[in-house]
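Coordinates from my_file.csv are shown below (CSV, C-alpha atoms).
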chain,number,residue,atom,x,y,z
A,1,MET,CA,-178.8,-73.2,51.0
A,2,GLN,CA,-180.2,-69.8,51.8
A,3,GLU,CA,-182.8,-69.7,54.6
A,4,THR,CA,-185.9,-67.8,53.9
A,5,GLN,CA,-186.9,-64.9,56.1
A,6,TYR,CA,-190.5,-65.8,55.8
A,7,LYS,CA,-192.2,-68.6,57.7
A,8,TYR,CA,-195.6,-68.4,55.9
A,9,LEU,CA,-195.2,-66.1,52.9
A,10,ASP,CA,-193.1,-68.5,50.9
A,11,LYS,CA,-195.8,-71.2,51.3
A,12,VAL,CA,-198.6,-69.1,49.9
A,13,ASP,CA,-199.0,-68.8,46.1
A,14,SER,CA,-202.8,-68.9,46.0
A,15,PRO,CA,-205.9,-68.4,48.1
A,16,ASP,CA,-206.1,-72.2,48.5
A,17,ASP,CA,-202.6,-72.1,50.1
A,18,LEU,CA,-203.7,-69.3,52.3
A,19,LYS,CA,-206.6,-71.3,53.5
A,20,ARG,CA,-204.3,-74.0,54.7
A,21,LEU,CA,-203.1,-71.6,57.4
A,22,CYS,CA,-204.8,-71.6,60.8
A,23,PRO,CA,-206.6,-68.4,61.7
A,24,GLY,CA,-204.0,-67.8,64.4
A,25,GLU,CA,-201.2,-67.8,61.7
A,26,LEU,CA,-202.8,-65.1,59.6
A,27,THR,CA,-201.4,-62.3,61.8
A,28,GLN,CA,-197.9,-63.5,61.1
A,29,TYR,CA,-198.7,-64.0,57.4
A,30,CYS,CA,-199.9,-60.4,57.2
A,31,ALA,CA,-196.8,-59.1,58.9
A,32,GLU,CA,-194.6,-61.0,56.4
A,33,LEU,CA,-196.7,-59.8,53.4
A,34,ARG,CA,-196.3,-56.2,54.7
A,35,ARG,CA,-192.5,-56.7,55.1
A,36,PHE,CA,-192.3,-58.2,51.6
A,37,ILE,CA,-194.1,-55.2,50.0
A,38,ILE,CA,-191.9,-52.8,51.9
A,39,ALA,CA,-188.7,-54.7,50.8
A,40,GLN,CA,-189.9,-54.8,47.2
A,41,LEU,CA,-190.8,-51.1,47.0
A,42,SER,CA,-187.5,-50.1,48.6
A,43,SER,CA,-185.8,-51.0,45.3
A,44,ASN,CA,-188.6,-50.7,42.9
A,45,PRO,CA,-190.9,-47.7,43.8
A,46,GLY,CA,-194.6,-48.2,43.8
A,47,HIS,CA,-197.7,-47.4,45.8
A,48,LEU,CA,-196.8,-48.2,49.3
A,49,GLY,CA,-199.4,-46.6,51.6
A,50,SER,CA,-202.5,-47.8,49.8
A,51,SER,CA,-201.2,-51.4,49.6
A,52,LEU,CA,-200.1,-51.6,53.2
A,53,GLY,CA,-203.4,-50.1,54.4
A,54,VAL,CA,-205.4,-53.1,53.1
A,55,VAL,CA,-203.1,-56.1,53.9
A,56,GLU,CA,-205.4,-57.5,56.5
A,57,LEU,CA,-208.5,-56.8,54.4
A,58,THR,CA,-206.9,-58.5,51.4
A,59,VAL,CA,-206.0,-61.6,53.4
A,60,ALA,CA,-209.4,-61.8,55.1
A,61,LEU,CA,-211.2,-61.5,51.8
A,62,HIS,CA,-209.2,-64.3,50.1
A,63,TYR,CA,-209.4,-66.4,53.3
A,64,VAL,CA,-213.2,-66.4,53.6
A,65,LEU,CA,-214.3,-66.0,50.0
A,66,ASN,CA,-214.0,-68.5,47.2
A,67,THR,CA,-211.9,-66.4,44.8
A,68,PRO,CA,-211.7,-66.3,41.9
A,69,ASP,CA,-215.3,-67.5,41.7
A,70,ASP,CA,-216.3,-64.8,44.2
A,71,LYS,CA,-215.3,-61.5,42.5
A,72,LEU,CA,-213.2,-58.9,44.3
A,73,VAL,CA,-213.6,-55.4,43.2
A,74,TRP,CA,-210.8,-53.0,44.0
A,75,ASP,CA,-211.6,-49.3,44.1
A,76,VAL,CA,-208.0,-48.4,43.4
A,77,GLY,CA,-205.5,-50.6,41.7
A,78,HIS,CA,-202.8,-49.3,44.0
A,79,GLN,CA,-204.4,-51.3,46.8
A,80,ALA,CA,-203.9,-54.6,45.0
A,81,TYR,CA,-200.2,-55.4,45.6
A,82,GLY,CA,-201.0,-57.9,48.4
A,83,HIS,CA,-203.7,-59.4,46.2
A,84,LYS,CA,-201.3,-59.8,43.4
A,85,ILE,CA,-198.7,-61.4,45.6
A,86,LEU,CA,-201.0,-63.9,47.2
A,87,THR,CA,-202.5,-64.9,43.9
A,88,GLY,CA,-199.4,-66.4,42.4
A,89,ARG,CA,-197.4,-63.3,41.4
A,90,ARG,CA,-195.0,-63.1,44.4
A,91,GLU,CA,-192.0,-64.4,42.4
A,92,ALA,CA,-192.6,-62.0,39.6
A,93,PHE,CA,-193.5,-59.0,41.8
A,94,SER,CA,-190.0,-57.5,41.5
A,95,THR,CA,-190.9,-56.9,37.8
A,96,ASN,CA,-193.9,-54.7,38.8
A,97,ARG,CA,-193.9,-51.4,36.9
A,98,LYS,CA,-191.0,-52.5,34.7
A,99,LEU,CA,-191.0,-53.1,30.9
A,100,GLY,CA,-192.1,-56.6,30.3
A,101,GLY,CA,-193.0,-57.2,33.9
A,102,ILE,CA,-196.3,-57.7,35.7
A,103,ARG,CA,-198.9,-55.0,35.4
A,104,PRO,CA,-199.1,-52.4,38.2
A,105,PHE,CA,-202.8,-52.7,38.4
A,106,PRO,CA,-205.2,-55.7,38.4
A,107,SER,CA,-205.9,-57.0,34.9
A,108,PRO,CA,-208.0,-60.0,33.8
A,109,GLU,CA,-205.4,-60.5,31.1
A,110,GLU,CA,-202.8,-61.3,33.8
A,111,SER,CA,-204.8,-63.3,36.3
A,112,GLU,CA,-208.2,-65.0,36.7
A,113,TYR,CA,-208.2,-63.4,40.2
A,114,ASP,CA,-208.4,-59.9,38.7
A,115,THR,CA,-212.0,-59.1,38.0
A,116,PHE,CA,-211.5,-56.0,35.9
A,117,THR,CA,-208.7,-53.6,35.0
A,118,CYS,CA,-208.7,-50.8,37.6
A,119,GLY,CA,-206.2,-48.0,38.0
A,120,HIS,CA,-207.4,-45.0,39.8
A,121,ALA,CA,-210.4,-44.4,42.0
A,122,SER,CA,-214.1,-44.0,41.3
A,123,ASN,CA,-214.9,-46.9,39.0
A,124,SER,CA,-215.5,-49.7,41.5
A,125,ILE,CA,-219.2,-49.0,42.2
A,126,SER,CA,-220.0,-48.9,38.5
A,127,ALA,CA,-218.0,-52.1,37.9
A,128,ALA,CA,-219.7,-53.9,40.8
A,129,LEU,CA,-223.1,-52.9,39.6
A,130,GLY,CA,-222.3,-54.0,36.1
A,131,MET,CA,-221.1,-57.4,37.4
A,132,ALA,CA,-224.2,-57.8,39.6

What is this structure when it is put down as structure tokens?
Amino acid sequence: MQETQYKYLDKVDSPDDLKRLCPGELTQYCAELRRFIIAQLSSNPGHLGSSLGVVELTVALHYVLNTPDDKLVWDVGHQAYGHKILTGRREAFSTNRKLGGIRPFPSPEESEYDTFTCGHASNSISAALGMA
């Protein structure tokens, strides 16, 4: 049996799972999420900096909000790798940006946690206003 390198990451497949962690465990979860993103992108290139830059923000939003009922609006889809991983797509994340794999950007067709399809910047304010 292969031991996992993650104490918390493998236990979180949804925001409900995330909320089972104590606030003191979130720092370690974020470190593991960041390590997972780096490991995945070392063999399947993607948008590293923008995803790593919002790991704590992503975890905090899903921890305190009631997603998917509370809608998250990403300005840049490149920021959403952590979001995709903690909303049930961790196992499929290695297929990101591959033919037949998960989409590289949030998409409501892929997950109820994805509010709208966003790719590049500058559409979040319009989308949020439209949703409001």

Nearest to Lys71 in chain A, chosen from A:Arg20, A:Thr87, A:Tyr8, A:Glu112, with only C-alpha atoms counted in the distances: A:Glu112

Top pick for closest residue to Leu18 in chain A, considering A:Tyr81, A:Tyr63, A:Phe116, A:Phe93 and counting all atoms listed in the file: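 Once distances to Leu18 in chain A are computed over all atoms listed in the file, the minimum belongs to A:Tyr63.
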
Pick from A:Lys7, A:Arg89, A:His120, A:Lys84, whichever lies nearest to Thr58 in chain A using only C-alpha atoms: A:Lys84

Residue list as a PyMOL selection string for point (-189.8, -53.0, 47.7), cut-off 10 Å, all atoms listed in the file: chain A and resi 35-48+93-94+96

Given only C-alpha atoms as the counted atoms, nearest of A:Thr95, A:Thr67, A:Thr115, A:Ser14 to Gly130 in chain A: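 The answer is A:Thr115, which sits nearest to Gly130 in chain A.
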
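From CA of Val55 in chain A back to CA of Leu33 in chain A, the distance works out to 7.4 Å.
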
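Closest approach to Leu52 in chain A among A:Ser111, A:Gln79, A:Gln28, A:Asn66 is made by A:Gln79 (distances from only C-alpha atoms).
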